[in-house]
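Encoded as structure tokens, the structure appears first; notes follow it.
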Amino acid sequence: MTAQIISGTELAKEKRAQLAKEVQQLKNAGIEPGLAVVLVGDNPASRSYVKAKQKACEEIGIRSVLLEFPDTITEPFLLEQIERLNEDDSIHGILVQLPLPRQINELNVIEKIAPEKDVDGFHPLNIGRMIAGQKAFLPCTPYGILYMVQSLGVEIAGKHVVVIGRSNIVGKPVGQLFLKENATVTYCHSKTKNLAEMTRQADILIVAVGKPNLIGAEHVKKGAIVIDVGVNRLENGKLCGDVNFDEVKEVAGYLTPVPKGVGPMTITMLLHNTVQAARESRREKAHQ
Ligand SMILES: NC(=O)C1=CN([C@@H]2O[C@H](COP(=O)(O)OP(=O)(O)OC[C@H]3O[C@@H](n4cnc5c(N)ncnc54)[C@H](OP(=O)(O)O)[C@@H]3O)[C@@H](O)[C@H]2O)C=CC1
Ligand SMILES: Nc1nc(=O)c2c([nH]1)NC[C@@H]1CN(c3ccc(C(=O)N[C@@H](CCC(=O)O)C(=O)O)cc3)C=[N+]21
């Protein structure tokens, strides 16, 4: 059996075309969606992600503004910058690229972002709303993963989803999104015993760890859907995921590649959330 490869790039292209139309409609109604991206320090990976996000905005007509600061800035200074963006009516979404330098408390920064502009879905209010099943900005990577799986047209209810990784930005929320879709969800992490025994039970296996080749054929049930979230840069400069692609593609039913898998969907869902934020700002204005 050879897995069907789920192309994040292709799905992203379709979804972005639809978003471009929605941006045009908003512009016709007098609103230009605006995203502020805050980049602190000089991490090359962060810089390249930020560039990709800005390019994606440009392609569908969202105005993006980059605020760049040296890694020596203080937390109060950064909080002040965010406050200004909160008050700026031309900005509908705010994204602070993580990680931040050590002297800055990430939670303080995330909590400073106005929840209605938190297009990353990292603010505790959005996390809480998501878990309670209320309307919220969904975090982009988990949302992109759900979108990819839904695009396959297979039933999620009743499936066993195994998530490896429990970070606040990927592992934990992605499990919650599938729980809401009535899957049975198991979380694995660095303290999990007999990882392969757990993962072999998965109908849908989501791997978000950051270790090349962590998952091989022996971890995967025949026909399973395998979503590889990991992005690892090898010494030769090449990118790879957490899943041994060549091995697992012979066992899985569906498999996402790295690159061109989850990554492009993450950016697409950021665009989606930004368009939604702009649309909702219009509604709020109408009620004032
Ligand atoms: N494509 C995309 O859009 C995105 C990709 N990523 C990528 O996804 C990966 C994960 O990111 P992130 O969630 O931020 O990472 P974190 O480092 O925050 O979390 C990694 C998780 O993996 C667990 N883990 C570590 N080693 C093992 C192991 N041997 N077996 C089982 N579990 C293990 C950790 O367990 P414990 O909690 O016990 O320490 C932790 O929960 C990275 O490669 C990152 O680059 C991230 C965001 C977006
Ligand atoms: N506030 C915040 N929000 C984030 O969403 C966020 C963050 N901080 N910090 C870092 C992680 C990582 N992340 C990725 C986004 C796109 C790709 C992506 O598009 N990758 C391409 C390859 C890109 C390349 O070639 O370098 C792909 O997989 O095809 C990867 C990773 C978002 N993150």
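So you can find residues: chains in the structure tokens are A, B, ... in the order shown, residues in each start at 1, and ligands are numbered from 1 in order.
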
Do you have, as JSON lines, the list of residues of chain A lying at most 9 Å from ligand 2, each with its nearest atom pair and that distance in Å to one decimal, counting only C-alpha atoms and all ligand atoms and ordered by chain then number?
{"residue": "A:Gly8", "atom": "CA", "partner": "ligand 2", "partner_atom_place_in_ligand_line": "29 (O)", "distance": 7.7}
{"residue": "A:Thr9", "atom": "CA", "partner": "ligand 2", "partner_atom_place_in_ligand_line": "29 (O)", "distance": 7.5}
{"residue": "A:Val37", "atom": "CA", "partner": "ligand 2", "partner_atom_place_in_ligand_line": "1 (N)", "distance": 8.7}
{"residue": "A:Val38", "atom": "CA", "partner": "ligand 2", "partner_atom_place_in_ligand_line": "1 (N)", "distance": 8.7}
{"residue": "A:Ala45", "atom": "CA", "partner": "ligand 2", "partner_atom_place_in_ligand_line": "26 (O)", "distance": 7.1}
{"residue": "A:Ser46", "atom": "CA", "partner": "ligand 2", "partner_atom_place_in_ligand_line": "10 (C)", "distance": 6.4}
{"residue": "A:Ser48", "atom": "CA", "partner": "ligand 2", "partner_atom_place_in_ligand_line": "26 (O)", "distance": 6.4}
{"residue": "A:Tyr49", "atom": "CA", "partner": "ligand 2", "partner_atom_place_in_ligand_line": "15 (C)", "distance": 5.6}
{"residue": "A:Val50", "atom": "CA", "partner": "ligand 2", "partner_atom_place_in_ligand_line": "15 (C)", "distance": 8.3}
{"residue": "A:Ala52", "atom": "CA", "partner": "ligand 2", "partner_atom_place_in_ligand_line": "19 (O)", "distance": 6.9}
{"residue": "A:Lys53", "atom": "CA", "partner": "ligand 2", "partner_atom_place_in_ligand_line": "16 (C)", "distance": 7.7}
{"residue": "A:Leu95", "atom": "CA", "partner": "ligand 2", "partner_atom_place_in_ligand_line": "1 (N)", "distance": 5.4}
{"residue": "A:Val96", "atom": "CA", "partner": "ligand 2", "partner_atom_place_in_ligand_line": "1 (N)", "distance": 4.7}
{"residue": "A:Gln97", "atom": "CA", "partner": "ligand 2", "partner_atom_place_in_ligand_line": "1 (N)", "distance": 3.8}
{"residue": "A:Leu98", "atom": "CA", "partner": "ligand 2", "partner_atom_place_in_ligand_line": "8 (N)", "distance": 3.9}
{"residue": "A:Pro99", "atom": "CA", "partner": "ligand 2", "partner_atom_place_in_ligand_line": "9 (N)", "distance": 6.2}
{"residue": "A:Ile110", "atom": "CA", "partner": "ligand 2", "partner_atom_place_in_ligand_line": "1 (N)", "distance": 8.9}
{"residue": "A:Val119", "atom": "CA", "partner": "ligand 2", "partner_atom_place_in_ligand_line": "3 (N)", "distance": 9.0}
{"residue": "A:Asp120", "atom": "CA", "partner": "ligand 2", "partner_atom_place_in_ligand_line": "3 (N)", "distance": 5.8}
{"residue": "A:Gly121", "atom": "CA", "partner": "ligand 2", "partner_atom_place_in_ligand_line": "3 (N)", "distance": 8.9}
{"residue": "A:Phe122", "atom": "CA", "partner": "ligand 2", "partner_atom_place_in_ligand_line": "1 (N)", "distance": 7.9}
{"residue": "A:Pro139", "atom": "CA", "partner": "ligand 2", "partner_atom_place_in_ligand_line": "5 (O)", "distance": 7.8}
{"residue": "A:Cys140", "atom": "CA", "partner": "ligand 2", "partner_atom_place_in_ligand_line": "5 (O)", "distance": 6.2}
{"residue": "A:Thr141", "atom": "CA", "partner": "ligand 2", "partner_atom_place_in_ligand_line": "5 (O)", "distance": 6.7}
{"residue": "A:Ile169", "atom": "CA", "partner": "ligand 2", "partner_atom_place_in_ligand_line": "4 (C)", "distance": 7.9}
{"residue": "A:Val229", "atom": "CA", "partner": "ligand 2", "partner_atom_place_in_ligand_line": "28 (O)", "distance": 8.3}
{"residue": "A:Gly230", "atom": "CA", "partner": "ligand 2", "partner_atom_place_in_ligand_line": "31 (C)", "distance": 8.4}
{"residue": "A:Val231", "atom": "CA", "partner": "ligand 2", "partner_atom_place_in_ligand_line": "30 (C)", "distance": 6.5}
{"residue": "A:Arg233", "atom": "CA", "partner": "ligand 2", "partner_atom_place_in_ligand_line": "26 (O)", "distance": 8.5}
{"residue": "A:Lys238", "atom": "CA", "partner": "ligand 2", "partner_atom_place_in_ligand_line": "25 (O)", "distance": 8.5}
{"residue": "A:Leu239", "atom": "CA", "partner": "ligand 2", "partner_atom_place_in_ligand_line": "25 (O)", "distance": 7.0}
{"residue": "A:Cys240", "atom": "CA", "partner": "ligand 2", "partner_atom_place_in_ligand_line": "28 (O)", "distance": 8.6}
{"residue": "A:Gly241", "atom": "CA", "partner": "ligand 2", "partner_atom_place_in_ligand_line": "28 (O)", "distance": 8.6}
{"residue": "A:Pro257", "atom": "CA", "partner": "ligand 2", "partner_atom_place_in_ligand_line": "28 (O)", "distance": 8.0}
{"residue": "A:Val258", "atom": "CA", "partner": "ligand 2", "partner_atom_place_in_ligand_line": "28 (O)", "distance": 5.2}
{"residue": "A:Pro259", "atom": "CA", "partner": "ligand 2", "partner_atom_place_in_ligand_line": "29 (O)", "distance": 3.4}
{"residue": "A:Lys260", "atom": "CA", "partner": "ligand 2", "partner_atom_place_in_ligand_line": "29 (O)", "distance": 3.4}
{"residue": "A:Gly261", "atom": "CA", "partner": "ligand 2", "partner_atom_place_in_ligand_line": "28 (O)", "distance": 5.5}
{"residue": "A:Val262", "atom": "CA", "partner": "ligand 2", "partner_atom_place_in_ligand_line": "28 (O)", "distance": 5.9}
{"residue": "A:Gly263", "atom": "CA", "partner": "ligand 2", "partner_atom_place_in_ligand_line": "18 (C)", "distance": 3.4}
{"residue": "A:Pro264", "atom": "CA", "partner": "ligand 2", "partner_atom_place_in_ligand_line": "19 (O)", "distance": 4.3}
{"residue": "A:Met265", "atom": "CA", "partner": "ligand 2", "partner_atom_place_in_ligand_line": "19 (O)", "distance": 7.4}
{"residue": "A:Thr266", "atom": "CA", "partner": "ligand 2", "partner_atom_place_in_ligand_line": "15 (C)", "distance": 5.7}
{"residue": "A:Ile267", "atom": "CA", "partner": "ligand 2", "partner_atom_place_in_ligand_line": "16 (C)", "distance": 5.8}
{"residue": "A:Leu270", "atom": "CA", "partner": "ligand 2", "partner_atom_place_in_ligand_line": "5 (O)", "distance": 7.6}

Handout entry: 12 Å contact set for Tyr187 of chain A, only C-alpha atoms, chain neighbours under 2 positions out, as a ChimeraX atom specification
Key = /A:160-167,170-176,178-179,184-185,189-193,195,198-199,202,205-209

Segment 65-152 of chain A: residues DSSP assigns to helix (DSSP H, G or I), reported as a compact mmCIF listing (two decimals) with C-alpha atoms, in the first residue's frame:
# COMPACT_ATOMS: atom_id res chain seq x y z
CA GLU A 75 9.10 43.83 28.19
CA PRO A 76 7.40 47.15 29.11
CA PHE A 77 8.49 48.61 25.78
CA LEU A 78 7.07 45.65 23.86
CA LEU A 79 3.81 45.80 25.84
CA GLU A 80 3.50 49.46 24.94
CA GLN A 81 3.90 48.68 21.24
CA ILE A 82 1.16 46.07 21.47
CA GLU A 83 -1.12 48.54 23.23
CA ARG A 84 -0.67 50.91 20.30
CA LEU A 85 -1.61 48.17 17.84
CA ASN A 86 -4.65 47.31 19.98
CA GLU A 87 -5.83 50.89 19.60
CA GLU A 106 5.69 35.34 26.60
CA LEU A 107 2.44 35.01 28.52
CA ASN A 108 2.45 38.69 29.51
CA VAL A 109 2.86 39.61 25.86
CA ILE A 110 0.14 37.26 24.60
CA GLU A 111 -2.26 38.46 27.30
CA LYS A 112 -1.67 42.05 26.22
CA PRO A 115 -8.52 39.01 22.18
CA GLU A 116 -10.48 40.25 19.14
CA LYS A 117 -7.15 40.86 17.34
CA PRO A 124 -6.06 32.58 27.25
CA LEU A 125 -9.54 33.92 26.48
CA ASN A 126 -9.47 32.37 23.01
CA ILE A 127 -8.00 29.12 24.36
CA GLY A 128 -10.72 28.96 27.01
CA ARG A 129 -13.45 29.71 24.50
CA MET A 130 -12.11 27.06 22.15
CA ILE A 131 -12.10 24.43 24.90
CA CYS A 140 -3.56 28.33 13.08
CA THR A 141 -1.58 25.06 13.03
CA PRO A 142 -4.29 22.96 14.76
CA TYR A 143 -6.97 24.60 12.61
CA GLY A 144 -4.95 23.88 9.47
CA ILE A 145 -4.55 20.23 10.50
CA LEU A 146 -8.30 19.86 11.09
CA TYR A 147 -8.96 21.48 7.71
CA MET A 148 -6.60 19.03 6.00
CA VAL A 149 -8.21 16.00 7.59
CA GLN A 150 -11.72 17.28 6.85
CA SER A 151 -10.74 17.81 3.22

Measure the distance from atom CA of Thr268 of chain A to atom 31 (C, counted along the ligand's line) of ligand 1 in Å and round it to one decimal.
->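 Atom-to-atom, atom CA of Thr268 of chain A to atom 31 (C, counted along the ligand's line) of ligand 1, that is 27.3 Å.
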
Any idea what the distance is between atom CA of Arg63 of chain A and atom CA of Glu32 of chain A?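 Answer for the atom CA of Arg63 of chain A to atom CA of Glu32 of chain A separation: 7.0 Å.
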
Could you go through segment 63-142 of chain A and tell me which residues DSSP, when run on the backbone, assigns to strand (DSSP E), listing them as a list of chain:residue names?
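Checking each residue of segment 63-142 of chain A, the strand (DSSP E) ones are A:Arg63, A:Ser64, A:Val65, A:Leu66, A:Leu67, A:Glu68, A:Phe69, A:Gly93, A:Ile94, A:Leu95, A:Val96.
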
Kindly export the residues of the current selection with C-alpha atoms, as a PDB file, in the first residue's frame.
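So the final result, stored in result.pdb, reads:
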ATOM      1  CA  ARG A  63      -2.160  44.856   4.245  1.00  0.00           C
ATOM      2  CA  SER A  64       0.662  43.624   6.459  1.00  0.00           C
ATOM      3  CA  VAL A  65       2.814  45.777   8.677  1.00  0.00           C
ATOM      4  CA  LEU A  66       6.089  44.491  10.100  1.00  0.00           C
ATOM      5  CA  LEU A  67       7.340  45.835  13.429  1.00  0.00           C
ATOM      6  CA  GLU A  68      10.924  44.781  14.013  1.00  0.00           C
ATOM      7  CA  PHE A  69      12.780  45.213  17.285  1.00  0.00           C
ATOM      8  CA  GLY A  93      -4.882  41.114  13.555  1.00  0.00           C
ATOM      9  CA  ILE A  94      -1.733  41.089  15.711  1.00  0.00           C
ATOM     10  CA  LEU A  95       0.841  38.308  15.607  1.00  0.00           C
ATOM     11  CA  VAL A  96       3.897  38.267  17.842  1.00  0.00           C
TER      12      VAL A  96
END

Which residues are near segment 1-7 of chain A? Cut-off 7 Å, only C-alpha atoms, ignore same chain within fewer than 5 positions. Put them as a tab-separated table (two decimals) with C-alpha atoms, in the first residue's frame.
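Result file follows (selection_14.tsv):
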chain	number	residue	atom	x	y	z
A	249	LYS	CA	4.24	6.06	3.17
A	250	GLU	CA	4.26	2.30	2.64
A	251	VAL	CA	1.97	1.73	5.64
A	252	ALA	CA	-0.22	4.83	6.03
A	253	GLY	CA	-3.40	5.54	4.08
A	254	TYR	CA	-2.71	9.27	3.96
A	255	LEU	CA	0.44	11.20	4.81
A	256	THR	CA	1.44	14.87	4.86
A	257	PRO	CA	4.88	15.81	3.51
A	260	LYS	CA	4.53	21.55	1.64
A	261	GLY	CA	2.28	19.91	4.20

A straight line from atom CA of Val248 of chain A to atom CA of Leu138 of chain A spans 29.2 Å
